[in-house]
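I have placed the structure first, in the form of C-alpha cells, so that the comments after it can refer back to it.
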Amino acid sequence: MSGNRTFTMVKPEAVENGNTGAILAKIEEAGFRIVAMKKLHLSEDRAGKFYAVHSERPFYGELVEYMSSGPIVAAVLEKSNAVLDFRTLIGSTDPSEAADGTIRKLFAESKAKNAVHGSDSDDNAAIEASFFFADLEQF
Ligand code: IDP
Ligand code: MG
C-alpha cells in the first residue's frame, strides 16, 4: 500500500526568483495539505548528507554547491498516493522533458536548477521528512 506523505523542497533558484508562493499554490491546488514547512539555508555539509545517495554521480559536487547556495523552503505534504502524485505534479528531472503544466516545466531553469525536490519512495519520504522536521513539528 502506498503512503500518504511526501517531502519537498523549493530549491534555491526558485526561492531567489520569487517563485515560492506560486509553487506552493500549485501544490495546494493539486490537493496536497501542508503538514510542516520552513525556510532555511543548508550548509554544504548538510546538503551533502541529504544527497549522499548521489555521492558517486558526476553531478554530486555541483548539486551540493547549488543546494547550499541560498535558502530553500522545505515541506512535508499529505495526500493519498502522495509520492507518485507529487512526482507527476513536478514533472521530469530535466524541464525540457517535463510535461506541460508541471511545476518543473513552469519554473525550472535547467536539469540542475529544477525548482523543486520530490521524494522518490515512501521510505525516502519518511527519511527526508525526519531530516528536517521533528515529529512535534508535523501537523
Ligand atoms: P529528481 O530530483 O528528479 O529525483 P535525481 O536523479 O534524484 O532527480 O537527481 C537529484 C537532483 O540532482 C536533480 O533534481 C537535479 O537538481 C540534480 N541533477 C540530476 N541529474 C543532473 C545532471 O545530469 N546534471 C546536473 N544536475 C543533475
Ligand atoms: Mg531523486
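Chain labels A, B, ... are given in the sequence in which chains occur in the C-alpha cells; within each chain residues are numbered consecutively from 1, and ligands are likewise numbered from 1 in the order shown.
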
Could you list the protein, DNA and RNA residues that have any atom within 10 Å of ligand 2, counting only C-alpha atoms and all ligand atoms, and write them as an mmCIF file with all heavy atoms, in the first residue's frame?
data_model
loop_
_atom_site.group_PDB
_atom_site.id
_atom_site.type_symbol
_atom_site.label_atom_id
_atom_site.label_comp_id
_atom_site.auth_asym_id
_atom_site.auth_seq_id
_atom_site.Cartn_x
_atom_site.Cartn_y
_atom_site.Cartn_z
ATOM 1 N N TYR A 51 21.949 14.533 0.111
ATOM 2 C CA TYR A 51 22.085 13.919 -1.215
ATOM 3 C C TYR A 51 23.159 12.830 -1.242
ATOM 4 O O TYR A 51 23.643 12.488 -2.325
ATOM 5 C CB TYR A 51 22.381 14.996 -2.259
ATOM 6 C CG TYR A 51 21.161 15.796 -2.674
ATOM 7 C CD1 TYR A 51 21.011 17.126 -2.327
ATOM 8 C CD2 TYR A 51 20.138 15.205 -3.429
ATOM 9 C CE1 TYR A 51 19.892 17.859 -2.714
ATOM 10 C CE2 TYR A 51 19.022 15.923 -3.812
ATOM 11 C CZ TYR A 51 18.903 17.246 -3.467
ATOM 12 O OH TYR A 51 17.791 17.957 -3.861
ATOM 13 N N VAL A 53 23.035 9.765 -1.230
ATOM 14 C CA VAL A 53 22.699 8.671 -2.144
ATOM 15 C C VAL A 53 23.266 8.931 -3.546
ATOM 16 O O VAL A 53 23.519 7.992 -4.304
ATOM 17 C CB VAL A 53 21.161 8.462 -2.181
ATOM 18 C CG1 VAL A 53 20.449 9.692 -2.718
ATOM 19 C CG2 VAL A 53 20.779 7.235 -2.983
ATOM 20 N N HIS A 54 23.509 10.205 -3.882
ATOM 21 C CA HIS A 54 24.041 10.561 -5.204
ATOM 22 C C HIS A 54 25.560 10.805 -5.184
ATOM 23 O O HIS A 54 26.104 11.330 -6.158
ATOM 24 C CB HIS A 54 23.369 11.838 -5.716
ATOM 25 C CG HIS A 54 21.909 11.682 -6.023
ATOM 26 N ND1 HIS A 54 21.401 10.639 -6.757
ATOM 27 C CD2 HIS A 54 20.841 12.455 -5.696
ATOM 28 C CE1 HIS A 54 20.084 10.766 -6.863
ATOM 29 N NE2 HIS A 54 19.721 11.847 -6.216
ATOM 30 N N ARG A 87 5.341 13.406 -7.764
ATOM 31 C CA ARG A 87 6.295 13.268 -8.891
ATOM 32 C C ARG A 87 5.609 13.637 -10.212
ATOM 33 O O ARG A 87 6.218 14.241 -11.092
ATOM 34 C CB ARG A 87 6.854 11.836 -8.966
ATOM 35 C CG ARG A 87 7.704 11.403 -7.780
ATOM 36 C CD ARG A 87 9.020 12.118 -7.634
ATOM 37 N NE ARG A 87 9.860 12.074 -8.798
ATOM 38 C CZ ARG A 87 11.196 12.277 -8.769
ATOM 39 N NH1 ARG A 87 11.817 12.533 -7.607
ATOM 40 N NH2 ARG A 87 11.897 12.247 -9.857
ATOM 41 N N THR A 93 12.903 15.314 -14.257
ATOM 42 C CA THR A 93 14.079 15.999 -13.701
ATOM 43 C C THR A 93 14.538 17.124 -14.623
ATOM 44 O O THR A 93 14.857 18.223 -14.165
ATOM 45 C CB THR A 93 15.221 14.977 -13.508
ATOM 46 O OG1 THR A 93 14.732 13.869 -12.749
ATOM 47 C CG2 THR A 93 16.406 15.618 -12.815
ATOM 48 N N HIS A 117 12.350 19.722 -5.262
ATOM 49 C CA HIS A 117 12.665 18.320 -4.954
ATOM 50 C C HIS A 117 11.372 17.585 -4.663
ATOM 51 O O HIS A 117 10.430 18.164 -4.113
ATOM 52 C CB HIS A 117 13.574 18.253 -3.714
ATOM 53 C CG HIS A 117 13.742 16.856 -3.180
ATOM 54 N ND1 HIS A 117 14.644 15.975 -3.720
ATOM 55 C CD2 HIS A 117 13.090 16.187 -2.185
ATOM 56 C CE1 HIS A 117 14.560 14.812 -3.061
ATOM 57 N NE2 HIS A 117 13.626 14.916 -2.133
ATOM 58 N N GLY A 118 11.334 16.300 -4.990
ATOM 59 C CA GLY A 118 10.235 15.433 -4.567
ATOM 60 C C GLY A 118 10.773 14.061 -4.232
ATOM 61 O O GLY A 118 11.583 13.498 -4.983
ATOM 62 N N SER A 119 10.343 13.503 -3.096
ATOM 63 C CA SER A 119 10.813 12.178 -2.675
ATOM 64 C C SER A 119 10.481 11.136 -3.748
ATOM 65 O O SER A 119 9.486 11.261 -4.460
ATOM 66 C CB SER A 119 10.147 11.754 -1.371
ATOM 67 O OG SER A 119 10.367 12.715 -0.372
ATOM 68 N N ASP A 120 11.317 10.084 -3.819
ATOM 69 C CA ASP A 120 11.099 9.058 -4.853
ATOM 70 C C ASP A 120 10.484 7.766 -4.322
ATOM 71 O O ASP A 120 10.239 6.840 -5.092
ATOM 72 C CB ASP A 120 12.409 8.773 -5.601
ATOM 73 C CG ASP A 120 13.495 8.201 -4.716
ATOM 74 O OD1 ASP A 120 13.219 7.867 -3.542
ATOM 75 O OD2 ASP A 120 14.643 8.092 -5.217
ATOM 76 N N SER A 121 10.233 7.673 -3.010
ATOM 77 C CA SER A 121 9.612 6.468 -2.444
ATOM 78 C C SER A 121 9.047 6.825 -1.081
ATOM 79 O O SER A 121 9.428 7.841 -0.478
ATOM 80 C CB SER A 121 10.639 5.340 -2.290
ATOM 81 O OG SER A 121 11.593 5.703 -1.297
ATOM 82 N N ASN A 124 11.907 6.865 1.484
ATOM 83 C CA ASN A 124 12.729 8.080 1.427
ATOM 84 C C ASN A 124 11.946 9.312 1.870
ATOM 85 O O ASN A 124 12.523 10.225 2.475
ATOM 86 C CB ASN A 124 13.312 8.269 0.029
ATOM 87 C CG ASN A 124 14.488 7.345 -0.210
ATOM 88 O OD1 ASN A 124 15.141 6.902 0.736
ATOM 89 N ND2 ASN A 124 14.754 7.014 -1.470
#

*Just list the residues in stretch 20-55 of chain A DSSP gives strand (DSSP E or B) on the backbone, as a ChimeraX atom specification.*
/A:33-40

_Can you tell me which residues surround A:Ile27 at a distance of at most 12 Å, considering only C-alpha atoms, apart from same-chain residues fewer than 2 positions away, and format the answer as a PyMOL selection string?_
chain A and resi 6-10+20-25+29-34+75-79+82+85-90+102-103+116+118

Please produce a file of those selected residues containing N, CA, C and O atoms, as a compact mmCIF listing (two decimals), in the first residue's frame.
# COMPACT_ATOMS: atom_id res chain seq x y z
N THR A 6 4.70 12.92 1.45
CA THR A 6 5.95 13.08 0.71
C THR A 6 6.68 14.30 1.26
O THR A 6 6.16 15.04 2.08
N PHE A 7 7.91 14.47 0.79
CA PHE A 7 8.74 15.59 1.23
C PHE A 7 9.17 16.39 0.00
O PHE A 7 9.51 15.81 -1.04
N THR A 8 9.16 17.72 0.14
CA THR A 8 9.58 18.58 -0.97
C THR A 8 10.49 19.70 -0.49
O THR A 8 10.49 20.05 0.70
N MET A 9 11.26 20.23 -1.40
CA MET A 9 11.98 21.49 -1.16
C MET A 9 11.75 22.39 -2.38
O MET A 9 11.82 21.91 -3.52
N VAL A 10 11.48 23.68 -2.12
CA VAL A 10 11.61 24.69 -3.17
C VAL A 10 13.09 25.04 -3.17
O VAL A 10 13.65 25.44 -2.16
N THR A 20 8.39 31.01 -4.73
CA THR A 20 7.93 30.13 -3.65
C THR A 20 6.41 30.12 -3.56
O THR A 20 5.79 29.05 -3.50
N GLY A 21 5.79 31.29 -3.53
CA GLY A 21 4.34 31.36 -3.36
C GLY A 21 3.60 30.70 -4.51
O GLY A 21 2.62 29.96 -4.28
N ALA A 22 4.04 30.94 -5.74
CA ALA A 22 3.37 30.35 -6.90
C ALA A 22 3.48 28.83 -6.88
O ALA A 22 2.54 28.12 -7.24
N ILE A 23 4.65 28.33 -6.47
CA ILE A 23 4.85 26.87 -6.42
C ILE A 23 3.99 26.27 -5.31
O ILE A 23 3.32 25.24 -5.51
N LEU A 24 3.95 26.91 -4.15
CA LEU A 24 3.10 26.39 -3.05
C LEU A 24 1.63 26.43 -3.45
O LEU A 24 0.86 25.53 -3.10
N ALA A 25 1.22 27.44 -4.21
CA ALA A 25 -0.18 27.50 -4.67
C ALA A 25 -0.49 26.31 -5.58
O ALA A 25 -1.54 25.67 -5.45
N GLU A 29 -3.30 23.62 -4.79
CA GLU A 29 -4.37 23.44 -5.80
C GLU A 29 -4.47 21.99 -6.25
O GLU A 29 -5.54 21.52 -6.62
N ALA A 30 -3.34 21.28 -6.20
CA ALA A 30 -3.33 19.87 -6.62
C ALA A 30 -3.83 18.95 -5.50
O ALA A 30 -3.85 17.72 -5.68
N GLY A 31 -4.19 19.52 -4.37
CA GLY A 31 -4.81 18.70 -3.32
C GLY A 31 -3.89 18.25 -2.20
O GLY A 31 -4.29 17.43 -1.38
N PHE A 32 -2.67 18.77 -2.19
CA PHE A 32 -1.74 18.42 -1.10
C PHE A 32 -1.97 19.35 0.09
O PHE A 32 -2.13 20.56 -0.07
N ARG A 33 -1.93 18.77 1.28
CA ARG A 33 -2.04 19.53 2.52
C ARG A 33 -0.64 19.73 3.09
O ARG A 33 0.17 18.78 3.10
N ILE A 34 -0.33 20.96 3.53
CA ILE A 34 1.00 21.22 4.10
C ILE A 34 1.01 20.78 5.57
O ILE A 34 0.27 21.31 6.39
N ALA A 75 9.26 21.26 3.01
CA ALA A 75 7.89 20.99 3.46
C ALA A 75 7.56 19.51 3.40
O ALA A 75 8.08 18.78 2.54
N VAL A 76 6.71 19.08 4.31
CA VAL A 76 6.10 17.75 4.27
C VAL A 76 4.68 17.94 3.77
O VAL A 76 3.98 18.87 4.20
N LEU A 77 4.26 17.08 2.85
CA LEU A 77 2.95 17.19 2.20
C LEU A 77 2.14 15.93 2.38
O LEU A 77 2.71 14.83 2.39
N GLU A 78 0.83 16.09 2.46
CA GLU A 78 -0.05 14.93 2.66
C GLU A 78 -1.15 14.89 1.61
O GLU A 78 -1.75 15.92 1.28
N LYS A 79 -1.38 13.70 1.09
CA LYS A 79 -2.42 13.44 0.08
C LYS A 79 -2.41 11.94 -0.14
O LYS A 79 -1.37 11.30 0.05
N ALA A 82 0.71 10.12 -2.18
CA ALA A 82 1.46 11.38 -2.20
C ALA A 82 2.74 11.33 -3.05
O ALA A 82 2.99 12.24 -3.84
N ASP A 85 1.91 10.92 -6.90
CA ASP A 85 1.16 12.07 -7.41
C ASP A 85 2.01 13.34 -7.40
O ASP A 85 1.89 14.18 -8.30
N PHE A 86 2.90 13.46 -6.41
CA PHE A 86 3.76 14.65 -6.39
C PHE A 86 4.79 14.59 -7.50
O PHE A 86 5.09 15.61 -8.14
N ARG A 87 5.34 13.41 -7.76
CA ARG A 87 6.30 13.27 -8.89
C ARG A 87 5.61 13.64 -10.21
O ARG A 87 6.22 14.24 -11.09
N THR A 88 4.34 13.27 -10.36
CA THR A 88 3.60 13.65 -11.57
C THR A 88 3.42 15.16 -11.63
O THR A 88 3.60 15.77 -12.69
N LEU A 89 3.10 15.76 -10.49
CA LEU A 89 2.88 17.22 -10.45
C LEU A 89 4.16 18.00 -10.78
O LEU A 89 4.09 19.04 -11.45
N ILE A 90 5.32 17.51 -10.35
CA ILE A 90 6.55 18.28 -10.60
C ILE A 90 7.13 18.01 -11.99
O ILE A 90 7.75 18.89 -12.56
N THR A 102 3.43 21.10 -15.58
CA THR A 102 4.12 20.62 -14.38
C THR A 102 4.95 21.76 -13.78
O THR A 102 5.30 22.73 -14.45
N ILE A 103 5.24 21.62 -12.50
CA ILE A 103 5.98 22.67 -11.79
C ILE A 103 7.35 22.89 -12.41
O ILE A 103 7.81 24.04 -12.57
N VAL A 116 12.29 22.33 -7.77
CA VAL A 116 11.73 21.59 -6.63
C VAL A 116 12.35 20.20 -6.50
O VAL A 116 12.77 19.59 -7.49
N GLY A 118 11.33 16.30 -4.99
CA GLY A 118 10.23 15.43 -4.57
C GLY A 118 10.77 14.06 -4.23
O GLY A 118 11.58 13.50 -4.98

*Kindly compile the residues surrounding ligand 1 within 6 Å, counting only C-alpha atoms and all ligand atoms, and format them as a list of chain:residue names.*
A:Phe59, A:Leu63, A:Ser92, A:Thr93, A:Lys111, A:Ala112, A:Lys113, A:Asn114, A:His117

_With DSSP run on the backbone, what are the alpha helix (DSSP H) residues within stretch 51-98 of chain A? I'd like them as a ChimeraX atom specification._
/A:60-67,82-90

*Pick from A:Ser68, A:Pro58, A:Pro95, A:Asp123 nearest to A:Ser110, counting only C-alpha atoms*: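 The answer is A:Pro95, which sits nearest to A:Ser110.
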
_Coordinates-based distance that separates atom CA of A:Asp100 from atom CA of A:Ala129 (Å, one decimal)_ =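 Result for atom CA of A:Ala129 versus atom CA of A:Asp100: 28.2 Å, one decimal.
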
*At what distance in Å, to one decimal, does atom CA of A:Tyr66 lie from atom CA of A:Ala115?*
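Atom-to-atom, atom CA of A:Ala115 to atom CA of A:Tyr66, that is 11.4 Å.
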
*In Å to one decimal, how far is atom CA of A:Lys49 from atom CA of A:Gly61?*
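If I compute the distance from atom CA of A:Gly61 to atom CA of A:Lys49, I get 12.0 Å.
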